[in-house]
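For reference, entry_17.txt is printed below; it contains compact mmCIF, C-alpha atoms.
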```txt
# COMPACT_ATOMS: atom_id res chain seq x y z
CA MET A 1 -12.97 76.34 20.02
CA THR A 2 -9.75 76.23 18.06
CA ALA A 3 -7.76 76.28 21.30
CA TYR A 4 -9.54 73.14 22.46
CA ARG A 5 -8.71 71.35 19.23
CA ARG A 6 -5.04 72.22 19.54
CA ARG A 7 -4.80 70.74 23.06
CA ARG A 8 -6.46 67.44 22.21
CA PRO A 9 -4.07 64.77 20.96
CA HIS A 10 -4.71 63.65 17.40
CA GLY A 11 -4.16 59.95 18.23
CA ASP A 12 -7.52 59.71 20.11
CA ARG A 13 -9.65 60.55 17.09
CA GLY A 14 -12.32 57.89 16.51
CA SER A 15 -11.54 55.92 19.66
CA ALA A 16 -15.07 56.37 21.00
CA ALA A 17 -16.51 54.82 17.85
CA LEU A 18 -14.19 51.82 18.16
CA GLU A 19 -15.09 51.37 21.83
CA LEU A 20 -18.77 51.46 20.92
CA LEU A 21 -18.23 48.79 18.28
CA GLY A 22 -16.55 46.62 20.90
CA VAL A 23 -19.39 47.00 23.39
CA ILE A 24 -22.30 46.39 20.98
CA PRO A 25 -21.85 42.58 20.75
CA VAL A 26 -21.72 42.33 24.54
CA VAL A 27 -24.92 44.35 24.88
CA VAL A 28 -26.67 42.19 22.25
CA VAL A 29 -25.65 38.95 24.00
CA VAL A 30 -26.82 40.29 27.38
CA LEU A 31 -30.17 41.31 25.87
CA LEU A 32 -30.60 37.88 24.26
CA LEU A 33 -29.85 36.19 27.58
CA LEU A 34 -32.35 38.46 29.33
CA VAL A 35 -35.06 37.59 26.79
CA GLN A 36 -34.24 33.87 27.18
CA VAL A 37 -34.51 34.10 30.98
CA CYS A 38 -37.87 35.87 30.64
CA ALA A 39 -39.09 33.17 28.23
CA ALA A 40 -37.98 30.47 30.67
CA GLY A 41 -39.76 32.16 33.57
CA TYR A 42 -42.92 32.56 31.52
CA THR A 43 -42.78 28.89 30.53
CA VAL A 44 -42.30 27.78 34.14
CA LEU A 45 -45.33 29.78 35.30
CA ALA A 46 -47.49 28.55 32.41
CA THR A 47 -46.41 24.93 32.97
CA ASN A 48 -47.18 25.17 36.69
CA GLN A 49 -50.70 26.37 35.92
CA ALA A 50 -51.19 23.76 33.19
CA VAL A 51 -50.16 20.84 35.40
CA ARG A 52 -52.51 22.03 38.16
CA ASP A 53 -55.36 22.32 35.66
CA GLY A 54 -54.54 18.85 34.32
CA ALA A 55 -54.51 17.37 37.83
CA ARG A 56 -57.81 19.06 38.60
CA ALA A 57 -59.35 17.68 35.39
CA HIS A 58 -58.05 14.21 36.23
CA SER A 59 -59.57 14.38 39.70
CA LEU A 60 -62.92 15.26 38.14
CA GLY A 61 -62.68 12.46 35.55
CA GLN A 62 -62.16 14.81 32.60
CA SER A 63 -59.56 14.74 29.83
CA VAL A 64 -56.14 15.72 31.17
CA SER A 65 -54.54 16.54 27.82
CA THR A 66 -57.46 18.79 26.84
CA ALA A 67 -57.23 20.68 30.12
CA VAL A 68 -53.47 21.11 29.71
CA ASP A 69 -53.79 22.29 26.11
CA HIS A 70 -56.50 24.81 27.06
CA SER A 71 -54.41 26.07 29.96
CA LEU A 72 -51.19 26.66 28.02
CA PRO A 73 -51.01 30.03 26.24
CA GLY A 74 -50.42 30.29 22.50
CA GLY A 75 -46.90 29.48 21.45
CA LEU A 76 -46.42 26.86 24.16
CA ASP A 77 -47.32 23.22 23.55
CA ALA A 78 -47.08 20.29 25.91
CA GLU A 79 -44.49 17.86 24.60
CA ARG A 80 -45.47 15.19 27.11
CA VAL A 81 -48.51 14.67 29.32
CA GLU A 82 -48.52 11.60 31.55
CA VAL A 83 -50.92 10.36 34.18
CA ALA A 84 -49.79 7.87 36.83
CA GLY A 85 -52.28 7.26 39.60
CA ASP A 86 -53.29 10.66 40.98
CA THR A 87 -50.16 12.36 39.59
CA VAL A 88 -50.06 14.33 36.34
CA LEU A 89 -46.74 15.18 34.66
CA VAL A 90 -46.43 17.90 32.01
CA GLU A 91 -43.33 18.74 29.97
CA VAL A 92 -43.12 21.95 27.91
CA ARG A 93 -40.23 23.16 25.75
CA VAL A 94 -39.00 26.70 26.46
CA PRO A 95 -39.14 28.92 23.35
CA ARG A 96 -35.69 29.35 21.86
CA VAL A 97 -34.14 32.79 21.43
CA ALA A 98 -31.54 33.14 18.64
CA VAL A 99 -28.77 30.53 18.90
CA LEU A 100 -29.07 29.89 22.60
CA PRO A 101 -29.63 26.26 23.67
CA THR A 102 -33.12 24.95 24.23
CA PHE A 103 -34.44 23.08 27.25
CA THR A 104 -37.70 21.80 28.69
CA VAL A 105 -39.64 22.47 31.87
CA THR A 106 -41.15 19.46 33.61
CA ARG A 107 -43.70 19.79 36.39
CA GLU A 108 -45.94 17.32 38.17
CA ALA A 109 -48.94 17.71 40.42
CA ALA A 110 -51.20 15.34 42.30
CA MET A 111 -54.79 15.81 43.26
CA PRO A 112 -56.92 13.10 44.85
CA ARG A 113 -59.73 11.83 42.71
CA THR A 114 -63.17 12.91 43.82
CA ASP A 115 -65.91 10.30 43.63
CA ARG A 116 -69.39 11.60 43.14
```
Please express the file's structure as structure tokens.
Amino acid sequence: MTAYRRRRPHGDRGSAALELLGVIPVVVVVLLLLVQVCAAGYTVLATNQAVRDGARAHSLGQSVSTAVDHSLPGGLDAERVEVAGDTVLVEVRVPRVAVLPTFTVTREAAMPRTDR
């Protein structure tokens, strides 16, 4: 073991710790971006389902905003719900992760009105 220590240059001592300190911020940023992408994907899927449920409620003569609110999972709220003819538009803000910018998801769906 002492022979190994003699062969190793003394100038490399602690370089692994410094390299690790340099990589940690990059890993943290990549993880934050990954969480933000997952949150955006989750919001897109939830908004798609909510706008379909809202269009279905509108076609049946029920409250669109109630259907959208019941369809969206906890933590997501519809910022805008509009009805124009047979078309329903829903806008939901993507949850923000850390200091990354925020954006909204807008979806619209149309379903013909059923007359009973």
Checklist outcome for this item: Here CA of Arg80 (chain A) and CA of Val92 (chain A) stand apart by 7.2 Å
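Distance check against Ser65 (chain A) using only C-alpha atoms: of A:Leu89, A:Val99, A:Ala46, A:Leu21, the minimum falls on A:Leu89.
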Next on the checklist: What does the structure give for the distance between CA of Val88 (chain A) and CA of Asn48 (chain A), in Å to one decimal?
Outcome noted: 11.2 Å
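In this model, the gap between CA of Val26 (chain A) and CA of Val97 (chain A) comes to 16.0 Å.
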Next on the checklist: Let me make sure I understand: among A:Thr43, A:Ser71, A:Ser63, A:Thr102, which one has the smallest atom-to-atom distance to Val83 (chain A) if we use only C-alpha atoms?
Outcome noted: A:Ser63
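The list of residues with at least one atom within 6 Å of Val90 (chain A), based on only C-alpha atoms and without residues fewer than 3 positions apart in the same chain, reads Val51, Arg80, Val81, Thr106 and Arg107 of chain A.
Among the candidates A:Leu45, A:Ala50, A:Ala109, A:Ala40, the one nearest to Pro95 (chain A) when counting only C-alpha atoms is A:Ala40.
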Next on the checklist: If we count only C-alpha atoms and set the cut-off at 6 Å, which residues sit around Val64 (chain A), ignoring sequence neighbours fewer than 5 positions away in its own chain? Please answer as an MDAnalysis selection string.
Outcome noted: chainID A and resid 54 57:58
